[in-house]
>>> print(open('final39.cif').read())   # mmCIF, C-alpha atoms
data_query
#
loop_
_atom_site.group_PDB
_atom_site.id
_atom_site.type_symbol
_atom_site.label_atom_id
_atom_site.label_comp_id
_atom_site.auth_asym_id
_atom_site.auth_seq_id
_atom_site.Cartn_x
_atom_site.Cartn_y
_atom_site.Cartn_z
ATOM 1 C CA MET O 1 -1.016 74.130 238.306
ATOM 2 C CA LEU O 2 -3.244 73.364 235.366
ATOM 3 C CA ARG O 3 -2.101 73.045 231.787
ATOM 4 C CA ALA O 4 -4.165 73.859 228.731
ATOM 5 C CA ALA O 5 -5.103 71.063 226.392
ATOM 6 C CA ILE O 6 -6.709 73.491 223.919
ATOM 7 C CA ALA O 7 -6.022 77.221 223.710
ATOM 8 C CA SER O 8 -8.744 79.775 222.989
ATOM 9 C CA LEU O 9 -9.422 83.535 222.869
ATOM 10 C CA ALA O 10 -6.275 83.820 220.784
ATOM 11 C CA GLY O 11 -6.944 87.386 219.675
ATOM 12 C CA ALA O 12 -8.009 88.917 222.973
ATOM 13 C CA MET O 13 -5.862 91.422 224.820
ATOM 14 C CA ALA O 14 -5.773 92.601 228.421
ATOM 15 C CA VAL O 15 -4.816 96.207 229.226
ATOM 16 C CA LEU O 16 -3.346 97.181 232.613
ATOM 17 C CA THR O 17 -3.406 100.592 234.279
ATOM 18 C CA SER O 18 -2.973 101.820 237.816
ATOM 19 C CA ALA O 19 -5.904 103.271 239.713
ATOM 20 C CA ALA O 20 -4.282 106.641 239.055
ATOM 21 C CA GLY O 21 -4.367 105.996 235.326
ATOM 22 C CA ALA O 22 -0.743 105.125 234.540
ATOM 23 C CA ALA O 23 -0.412 103.321 231.212
ATOM 24 C CA ALA O 24 0.718 99.720 231.246
ATOM 25 C CA GLN O 25 2.235 97.339 228.744
ATOM 26 C CA ILE O 26 -0.265 95.816 226.306
ATOM 27 C CA ALA O 27 0.357 92.297 225.025
ATOM 28 C CA PRO O 28 -1.637 89.346 223.709
ATOM 29 C CA PRO O 29 -2.691 86.743 226.283
ATOM 30 C CA LEU O 30 -0.662 83.613 226.714
ATOM 31 C CA GLY O 31 -3.389 81.023 226.321
ATOM 32 C CA VAL O 32 -5.090 78.941 228.943
ATOM 33 C CA PRO O 33 -4.747 77.944 232.447
ATOM 34 C CA ALA O 34 -3.963 77.545 235.835
ATOM 35 C CA ALA O 35 -2.702 76.403 239.179
ATOM 36 C CA PRO O 36 -2.817 73.896 241.921
ATOM 37 C CA PRO O 37 -1.532 73.451 245.354
ATOM 38 C CA PRO O 38 -0.722 69.999 246.527
ATOM 39 C CA ALA O 39 -1.147 69.462 250.255
ATOM 40 C CA ALA O 40 1.438 70.914 252.582
ATOM 41 C CA SER O 41 4.308 68.752 253.731
ATOM 42 C CA PRO O 42 7.077 69.320 256.265
ATOM 43 C CA THR O 43 9.008 72.351 255.096
ATOM 44 C CA PRO O 44 12.453 71.332 253.806
ATOM 45 C CA PRO O 45 15.413 72.999 255.517
ATOM 46 C CA LEU O 46 17.365 75.626 253.629
ATOM 47 C CA THR O 47 21.114 76.047 253.794
ATOM 48 C CA PRO O 48 22.730 78.447 253.976
ATOM 49 C CA ALA O 49 20.288 81.127 255.131
ATOM 50 C CA PRO O 50 20.875 84.375 253.243
ATOM 51 C CA ALA O 51 22.261 87.252 255.285
ATOM 52 C CA ALA O 52 19.800 90.031 256.041
ATOM 53 C CA ASP O 53 21.839 92.516 254.025
ATOM 54 C CA ALA O 54 22.754 90.117 251.211
ATOM 55 C CA PRO O 55 22.414 91.651 247.739
ATOM 56 C CA PRO O 56 19.716 90.219 245.470
ATOM 57 C CA GLU O 57 20.806 87.198 243.437
ATOM 58 C CA SER O 58 19.768 87.512 239.804
ATOM 59 C CA LEU O 59 19.008 84.428 237.716
ATOM 60 C CA LYS O 60 18.134 84.202 234.037
ATOM 61 C CA MET O 61 14.551 83.085 233.401
ATOM 62 C CA ALA O 62 13.215 81.412 230.284
ATOM 63 C CA ALA O 63 9.693 80.994 228.949
ATOM 64 C CA ASP O 64 8.505 77.449 228.273
ATOM 65 C CA PRO O 65 6.310 76.670 225.208
ATOM 66 C CA THR O 66 3.219 77.709 227.201
ATOM 67 C CA SER O 67 4.900 81.017 228.208
ATOM 68 C CA ARG O 68 5.253 80.040 231.854
ATOM 69 C CA LEU O 69 8.560 80.782 233.569
ATOM 70 C CA THR O 70 11.335 78.290 234.233
ATOM 71 C CA LEU O 71 14.554 78.371 236.243
ATOM 72 C CA ALA O 72 17.538 76.054 235.914
ATOM 73 C CA VAL O 73 18.081 73.855 238.997
ATOM 74 C CA MET O 74 20.660 71.272 240.044
ATOM 75 C CA ILE O 75 19.552 68.051 241.744
ATOM 76 C CA ASP O 76 22.063 66.122 243.849
ATOM 77 C CA GLY O 77 24.910 67.610 241.829
ATOM 78 C CA ARG O 78 23.406 66.874 238.417
ATOM 79 C CA GLY O 79 21.717 69.129 235.887
ATOM 80 C CA PRO O 80 20.811 71.813 235.130
ATOM 81 C CA PHE O 81 17.110 70.980 234.672
ATOM 82 C CA ASP O 82 14.385 73.472 233.793
ATOM 83 C CA PHE O 83 11.716 73.711 236.514
ATOM 84 C CA LEU O 84 8.589 75.829 236.256
ATOM 85 C CA VAL O 85 8.256 78.652 238.792
ATOM 86 C CA ASP O 86 4.805 78.297 240.359
ATOM 87 C CA THR O 87 3.832 80.754 243.097
ATOM 88 C CA GLY O 88 0.381 79.138 243.176
ATOM 89 C CA SER O 89 1.662 75.762 244.378
ATOM 90 C CA ASP O 90 2.702 75.124 247.956
ATOM 91 C CA ARG O 91 5.302 72.432 247.247
ATOM 92 C CA THR O 92 7.970 71.431 244.760
ATOM 93 C CA VAL O 93 7.366 68.424 242.499
ATOM 94 C CA ILE O 94 9.466 66.507 239.968
ATOM 95 C CA SER O 95 8.596 64.497 236.883
ATOM 96 C CA ARG O 96 8.650 60.730 237.265
ATOM 97 C CA GLU O 97 10.829 60.485 234.175
ATOM 98 C CA LEU O 98 13.543 62.741 235.592
ATOM 99 C CA ALA O 99 13.372 61.051 239.001
ATOM 100 C CA ALA O 100 13.879 57.668 237.320
ATOM 101 C CA SER O 101 16.806 58.875 235.218
ATOM 102 C CA LEU O 102 18.491 60.227 238.366
ATOM 103 C CA ALA O 103 17.682 57.022 240.294
ATOM 104 C CA LEU O 104 16.284 59.046 243.202
ATOM 105 C CA PRO O 105 15.284 56.901 246.193
ATOM 106 C CA ALA O 106 11.606 56.436 246.945
ATOM 107 C CA GLY O 107 9.977 58.459 249.680
ATOM 108 C CA PRO O 108 6.687 57.964 251.518
ATOM 109 C CA PRO O 109 3.387 58.111 249.610
ATOM 110 C CA VAL O 110 1.376 61.309 250.111
ATOM 111 C CA ARG O 111 -2.105 62.654 249.480
ATOM 112 C CA LEU O 112 -1.969 65.544 247.010
ATOM 113 C CA ARG O 113 -4.656 68.169 247.284
ATOM 114 C CA GLU O 114 -4.493 69.592 243.772
ATOM 115 C CA SER O 115 -6.717 71.877 241.753
ATOM 116 C CA MET O 116 -9.337 69.273 240.842
ATOM 117 C CA GLY O 117 -9.383 67.141 243.968
ATOM 118 C CA VAL O 118 -7.282 64.825 246.101
ATOM 119 C CA ASP O 119 -4.985 62.169 244.625
ATOM 120 C CA ASP O 120 -2.473 59.672 245.973
ATOM 121 C CA ALA O 121 1.098 60.206 244.799
ATOM 122 C CA ASN O 122 4.476 58.610 245.358
ATOM 123 C CA THR O 123 7.388 60.792 246.369
ATOM 124 C CA VAL O 124 11.124 60.658 245.778
ATOM 125 C CA LEU O 125 13.862 61.984 248.036
ATOM 126 C CA ILE O 126 15.976 64.875 246.778
ATOM 127 C CA ASP O 127 18.922 65.384 249.101
ATOM 128 C CA ARG O 128 20.090 68.678 247.621
ATOM 129 C CA LEU O 129 18.271 71.006 245.213
ATOM 130 C CA VAL O 130 20.207 74.114 244.149
ATOM 131 C CA ILE O 131 18.689 77.250 242.611
ATOM 132 C CA GLY O 132 21.525 79.677 241.930
ATOM 133 C CA LYS O 133 23.208 80.020 245.344
ATOM 134 C CA ARG O 134 20.156 78.835 247.261
ATOM 135 C CA VAL O 135 20.332 75.273 248.603
ATOM 136 C CA ILE O 136 17.272 73.298 249.731
ATOM 137 C CA ARG O 137 17.959 70.062 251.585
ATOM 138 C CA HIS O 138 15.962 66.855 252.079
ATOM 139 C CA ILE O 139 12.871 67.334 249.915
ATOM 140 C CA GLU O 140 10.125 64.723 249.665
ATOM 141 C CA ALA O 141 8.987 65.634 246.152
ATOM 142 C CA PRO O 142 5.836 64.128 244.619
ATOM 143 C CA ALA O 143 6.762 62.434 241.331
ATOM 144 C CA LEU O 144 4.216 63.122 238.587
ATOM 145 C CA ALA O 145 4.057 62.480 234.838
ATOM 146 C CA ALA O 146 6.035 64.955 232.738
ATOM 147 C CA LYS O 147 3.213 65.146 230.185
ATOM 148 C CA ASP O 148 0.886 66.481 232.890
ATOM 149 C CA LEU O 149 3.437 68.840 234.449
ATOM 150 C CA GLY O 150 4.580 70.097 231.065
ATOM 151 C CA ALA O 151 8.114 70.328 232.467
ATOM 152 C CA ALA O 152 10.887 68.427 234.267
ATOM 153 C CA GLY O 153 9.560 69.736 237.567
ATOM 154 C CA MET O 154 7.944 72.625 239.354
ATOM 155 C CA LEU O 155 9.278 74.952 242.068
ATOM 156 C CA GLY O 156 6.587 75.718 244.616
ATOM 157 C CA VAL O 157 6.340 78.161 247.486
ATOM 158 C CA ASP O 158 8.394 75.806 249.692
ATOM 159 C CA ALA O 159 11.430 76.631 247.519
ATOM 160 C CA LEU O 160 10.745 80.379 247.592
ATOM 161 C CA ARG O 161 9.735 80.922 251.219
ATOM 162 C CA ASP O 162 11.405 83.659 253.302
ATOM 163 C CA LEU O 163 12.480 85.374 250.103
ATOM 164 C CA HIS O 164 11.564 88.546 248.261
ATOM 165 C CA VAL O 165 11.237 87.190 244.712
ATOM 166 C CA VAL O 166 11.168 89.584 241.755
ATOM 167 C CA MET O 167 10.181 88.478 238.248
ATOM 168 C CA ASP O 168 11.422 91.064 235.744
ATOM 169 C CA PHE O 169 9.616 90.431 232.457
ATOM 170 C CA ARG O 170 11.480 93.158 230.612
ATOM 171 C CA THR O 171 14.900 91.571 231.159
ATOM 172 C CA MET O 172 13.569 88.016 231.756
ATOM 173 C CA ARG O 173 15.487 87.701 234.999
ATOM 174 C CA MET O 174 14.398 86.565 238.444
ATOM 175 C CA SER O 175 16.089 87.965 241.538
ATOM 176 C CA SER O 176 15.786 86.823 245.132
ATOM 177 C CA SER O 177 16.846 88.411 248.401
ATOM 178 C CA PRO O 178 15.818 88.104 252.045
ATOM 179 C CA SER O 179 12.269 89.267 252.751
ATOM 180 C CA ARG O 180 12.129 93.050 252.513
ATOM 181 C CA ALA O 181 9.933 95.980 251.562
ATOM 182 C CA GLU O 182 9.871 96.945 247.894
ATOM 183 C CA ALA O 183 11.580 100.281 247.179
ATOM 184 C CA ALA O 184 9.144 103.169 246.711
ATOM 185 C CA ASP O 185 8.322 103.759 243.056
ATOM 186 C CA PRO O 186 5.455 105.838 241.605
ATOM 187 C CA HIS O 187 4.895 103.122 238.992
ATOM 188 C CA THR O 188 4.730 100.280 241.545
ATOM 189 C CA ILE O 189 1.492 99.135 243.154
ATOM 190 C CA VAL O 190 1.797 97.293 246.492
ATOM 191 C CA VAL O 191 -1.008 94.847 247.333
ATOM 192 C CA HIS O 192 -1.195 93.255 250.794
ATOM 193 C CA GLY O 193 -2.790 89.924 251.640
ATOM 194 C CA LYS O 194 -2.506 86.902 253.893
ATOM 195 C CA ASN O 195 -0.945 83.444 253.875
ATOM 196 C CA HIS O 196 -3.415 80.582 253.781
ATOM 197 C CA PHE O 197 -2.508 76.924 253.135
ATOM 198 C CA GLY O 198 0.806 78.081 251.672
ATOM 199 C CA GLN O 199 -0.822 80.532 249.248
ATOM 200 C CA LEU O 200 -0.398 84.312 249.120
ATOM 201 C CA ILE O 201 -3.993 85.518 248.982
ATOM 202 C CA LEU O 202 -4.532 89.170 248.054
ATOM 203 C CA THR O 203 -7.636 90.551 249.707
ATOM 204 C CA HIS O 204 -7.704 94.202 248.598
ATOM 205 C CA SER O 205 -9.214 93.561 245.176
ATOM 206 C CA ARG O 206 -12.560 94.396 243.575
ATOM 207 C CA ILE O 207 -14.619 93.745 240.465
ATOM 208 C CA ARG O 208 -17.642 95.967 239.903
ATOM 209 C CA GLY O 209 -17.146 97.319 243.399
ATOM 210 C CA VAL O 210 -17.507 93.869 244.990
ATOM 211 C CA PRO O 211 -14.560 92.502 247.030
ATOM 212 C CA ILE O 212 -12.831 89.476 245.479
ATOM 213 C CA VAL O 213 -9.915 87.288 246.557
ATOM 214 C CA VAL O 214 -6.866 86.927 244.287
ATOM 215 C CA VAL O 215 -4.030 84.358 244.335
ATOM 216 C CA VAL O 216 -0.855 85.275 242.385
ATOM 217 C CA ASP O 217 -0.083 82.195 240.288
ATOM 218 C CA SER O 218 2.949 82.221 237.986
ATOM 219 C CA GLY O 219 2.215 78.601 237.027
ATOM 220 C CA ALA O 220 -1.045 79.540 235.309
ATOM 221 C CA GLN O 221 -1.273 80.453 231.644
ATOM 222 C CA LEU O 222 -4.716 82.006 232.028
ATOM 223 C CA SER O 223 -6.336 83.626 235.034
ATOM 224 C CA VAL O 224 -9.100 81.314 236.332
ATOM 225 C CA GLY O 225 -12.063 82.325 238.494
ATOM 226 C CA ASN O 226 -14.617 80.328 240.464
ATOM 227 C CA PRO O 227 -18.394 80.062 239.798
ATOM 228 C CA ALA O 228 -19.090 82.746 242.426
ATOM 229 C CA LEU O 229 -17.016 85.182 240.366
ATOM 230 C CA LEU O 230 -18.748 84.056 237.165
ATOM 231 C CA SER O 231 -22.136 84.770 238.752
ATOM 232 C CA LEU O 232 -20.971 88.197 239.908
ATOM 233 C CA LEU O 233 -19.752 89.134 236.433
ATOM 234 C CA THR O 234 -22.428 87.618 234.204
ATOM 235 C CA ARG O 235 -25.331 86.577 236.461
ATOM 236 C CA ARG O 236 -24.940 83.170 234.805
ATOM 237 C CA VAL O 237 -24.677 79.797 236.509
ATOM 238 C CA ALA O 238 -21.584 77.786 235.606
ATOM 239 C CA GLY O 239 -22.255 75.425 232.700
ATOM 240 C CA HIS O 240 -25.219 77.354 231.280
ATOM 241 C CA ASP O 241 -24.673 78.806 227.771
ATOM 242 C CA PRO O 242 -20.930 79.586 227.979
ATOM 243 C CA ALA O 243 -19.580 81.774 225.176
ATOM 244 C CA ALA O 244 -16.551 79.516 224.696
ATOM 245 C CA THR O 245 -14.851 76.617 226.476
ATOM 246 C CA THR O 246 -11.499 74.849 226.628
ATOM 247 C CA GLN O 247 -10.105 71.702 228.249
ATOM 248 C CA ILE O 248 -7.402 71.944 230.911
ATOM 249 C CA VAL O 249 -5.257 69.229 232.488
ATOM 250 C CA SER O 250 -4.205 69.046 236.148
ATOM 251 C CA VAL O 251 -0.793 67.921 237.384
ATOM 252 C CA THR O 252 -2.205 64.440 238.052
ATOM 253 C CA GLY O 253 -3.758 64.119 234.578
ATOM 254 C CA ARG O 254 -7.358 65.018 235.358
ATOM 255 C CA THR O 255 -9.199 67.142 232.796
ATOM 256 C CA VAL O 256 -11.945 69.703 233.264
ATOM 257 C CA THR O 257 -13.874 72.036 230.973
ATOM 258 C CA VAL O 258 -13.291 75.735 231.599
ATOM 259 C CA GLU O 259 -15.678 78.446 230.434
ATOM 260 C CA LEU O 260 -14.030 81.445 228.798
ATOM 261 C CA ASP O 261 -15.216 85.022 229.024
ATOM 262 C CA ASP O 262 -13.896 88.574 228.995
ATOM 263 C CA VAL O 263 -13.850 90.815 232.098
ATOM 264 C CA ALA O 264 -14.378 94.483 231.267
ATOM 265 C CA GLU O 265 -12.482 95.743 234.338
ATOM 266 C CA ALA O 266 -10.948 94.349 237.542
ATOM 267 C CA ASP O 267 -9.088 96.221 240.297
ATOM 268 C CA VAL O 268 -6.404 94.183 242.091
ATOM 269 C CA GLY O 269 -5.358 96.488 244.911
ATOM 270 C CA GLY O 270 -4.996 99.440 242.536
ATOM 271 C CA LEU O 271 -3.817 97.466 239.492
ATOM 272 C CA VAL O 272 -6.694 97.964 237.063
ATOM 273 C CA ILE O 273 -7.060 95.257 234.413
ATOM 274 C CA HIS O 274 -9.218 96.004 231.380
ATOM 275 C CA HIS O 275 -10.625 93.388 228.967
ATOM 276 C CA MET O 276 -9.044 90.416 230.720
ATOM 277 C CA PRO O 277 -9.608 86.953 229.182
ATOM 278 C CA LEU O 278 -10.696 84.799 232.118
ATOM 279 C CA GLY O 279 -11.524 81.134 232.597
ATOM 280 C CA PHE O 280 -14.168 79.862 235.011
ATOM 281 C CA ALA O 281 -14.378 76.416 236.608
ATOM 282 C CA PRO O 282 -15.613 74.895 239.903
ATOM 283 C CA LEU O 283 -12.126 73.696 240.832
ATOM 284 C CA ALA O 284 -11.773 71.812 244.112
ATOM 285 C CA ILE O 285 -8.920 74.103 245.160
ATOM 286 C CA PHE O 286 -11.369 76.966 245.712
ATOM 287 C CA GLY O 287 -13.207 74.860 248.287
ATOM 288 C CA HIS O 288 -9.926 73.776 249.899
ATOM 289 C CA LEU O 289 -8.998 77.438 250.396
ATOM 290 C CA GLY O 290 -12.451 78.229 251.790
ATOM 291 C CA LEU O 291 -13.332 80.264 248.695
ATOM 292 C CA ALA O 292 -16.124 78.192 247.124
ATOM 293 C CA ASP O 293 -18.746 80.867 247.833
ATOM 294 C CA THR O 294 -16.457 83.914 247.679
ATOM 295 C CA PRO O 295 -15.673 85.511 244.286
ATOM 296 C CA ALA O 296 -12.046 84.504 243.702
ATOM 297 C CA LEU O 297 -9.473 83.994 240.959
ATOM 298 C CA PHE O 298 -5.958 82.748 240.362
ATOM 299 C CA LEU O 299 -4.105 85.591 238.602
ATOM 300 C CA GLY O 300 -2.045 83.946 235.851
ATOM 301 C CA MET O 301 0.715 84.748 233.409
ATOM 302 C CA ASP O 302 -1.642 86.386 230.898
ATOM 303 C CA VAL O 303 -1.838 89.334 233.320
ATOM 304 C CA LEU O 304 1.434 89.055 235.261
ATOM 305 C CA SER O 305 3.632 89.124 232.156
ATOM 306 C CA GLN O 306 2.120 92.410 231.040
ATOM 307 C CA CYS O 307 3.705 94.157 233.993
ATOM 308 C CA GLN O 308 7.313 95.282 233.734
ATOM 309 C CA ARG O 309 7.971 93.298 236.864
ATOM 310 C CA VAL O 310 6.149 91.501 239.676
ATOM 311 C CA SER O 311 7.418 90.724 243.168
ATOM 312 C CA VAL O 312 6.078 88.224 245.692
ATOM 313 C CA ASP O 313 7.067 88.219 249.356
ATOM 314 C CA MET O 314 5.415 85.434 251.365
ATOM 315 C CA ARG O 315 6.820 86.545 254.734
ATOM 316 C CA ARG O 316 5.574 90.124 254.302
ATOM 317 C CA ARG O 317 2.344 88.823 252.752
ATOM 318 C CA GLU O 318 2.473 91.212 249.822
ATOM 319 C CA ALA O 319 2.895 91.387 246.069
ATOM 320 C CA THR O 320 3.925 94.355 243.943
ATOM 321 C CA PHE O 321 3.156 95.142 240.308
ATOM 322 C CA THR O 322 5.365 97.591 238.398
ATOM 323 C CA LEU O 323 3.921 99.128 235.249
ATOM 324 C CA ASN O 324 5.870 100.797 232.452
#
>>> encode(input="final39.cif", output="structure tokens")
Amino acid sequence: MLRAAIASLAGAMAVLTSAAGAAAQIAPPLGVPAAPPPAASPTPPLTPAPAADAPPESLKMAADPTSRLTLAVMIDGRGPFDFLVDTGSDRTVISRELAASLALPAGPPVRLRESMGVDDANTVLIDRLVIGKRVIRHIEAPALAAKDLGAAGMLGVDALRDLHVVMDFRTMRMSSSPSRAEAADPHTIVVHGKNHFGQLILTHSRIRGVPIVVVVDSGAQLSVGNPALLSLLTRRVAGHDPAATTQIVSVTGRTVTVELDDVAEADVGGLVIHHMPLGFAPLAIFGHLGLADTPALFLGMDVLSQCQRVSVDMRRREATFTLN
């Protein structure tokens, strides 16, 4: 996850339609950027496992000051604490400040592979993290500065695995149930992909008829593309005569300059996005995912929140987008 230090393109708007032409919600963008994924760690056990026919559990979401989504969690019986929901990160992290206040025991040091590179980080041991009725046991959570996270912590894919997670932006509620197919709906677009390094990568997407790779990233304020995508869209080389720029901050405090531009039209598996504000940067995460030379982007909250609802199902390797 990346956090914006300076917001730009304040007046731009993205418009969503389906490939069949269905109208979508129109809303101003939420600012600027992004998403990381620290390196994978042993997957924490979950207890209890939800029954296959268990009804969805609905939890109230909130929007933080940067318009990203948070859920209330309990840690070792204390809380609640607001954690960001980040489908673009493969593991859960906690702020150093909260870990210290809870006197969490130290865990082993780890190497974090985040958006801008690799960093060493200390971990703390969370015995029991509770999200609604879902219990995650024995987490080695990297402890990072709250000012860089922008929150008390961040829920990654490790906390959401094996679930069908639905973010309903109309009611601001998140529901989770065992992995399942989304009910048929003429207003819902289903996009299939693959799991790679803990990320759900959508492969049936195009810009200007050229295939691109898309990662659904609820921890990103602005959708961010790589230099290969910038070249495809503008024929420009990254860093040469950008129309506008902004500074973004990674979860470990690194900063990078992001070029800002406007994409006339992008097709994400049938979800057509018009006039999308988009950032561009040669982030290390693209190389880590094997996407340095492939046009790719992390699809952030500026687009996701304009849908009525979005679902992500890691086990089924699919995401759905429901328009109005």
>>> atom_distance(input="final39.cif", atom1="atom CA of O:Gly153", atom2="atom CA of O:Phe298")
20.4 Å
>>> resolve_selection(input="final39.cif", expression="the PyMOL selection byres ((chain O and resi 205) around 9)", output="VMD selection string")
chain O and resid 191 202 to 204 206 to 207 209 to 214 266 to 271
>>> closest_residue(input="final39.cif", among="O:Phe321, O:Val249, O:Pro80, O:Arg315", to="O:Asp162", atoms="only C-alpha atoms")
O:Arg315
>>> resolve_selection(input="final39.cif", expression="the PyMOL selection byres ((chain O and resi 102) around 12)", output="list in words")
Met74, Ile75, Asp76, Gly77, Arg78, Gly79, Phe81, Ile94, Ser95, Arg96, Glu97, Leu98, Ala99, Ala100, Ser101, Ala103, Leu104, Pro105, Ala106, Val124, Leu125, Ile126, Asp127 and Ala152 of chain O
>>> resolve_selection(input="final39.cif", expression="the PyMOL selection byres ((chain O and resi 232) around 10)", output="list in words")
Ile207, Arg208, Val210, Ile212, Pro227, Ala228, Leu229, Leu230, Ser231, Leu233, Thr234, Arg235, Arg236, Val237, Thr294 and Pro295 of chain O
>>> atom_distance(input="final39.cif", atom1="atom CA of O:Val135", atom2="atom CA of O:Asp86")
17.8 Å
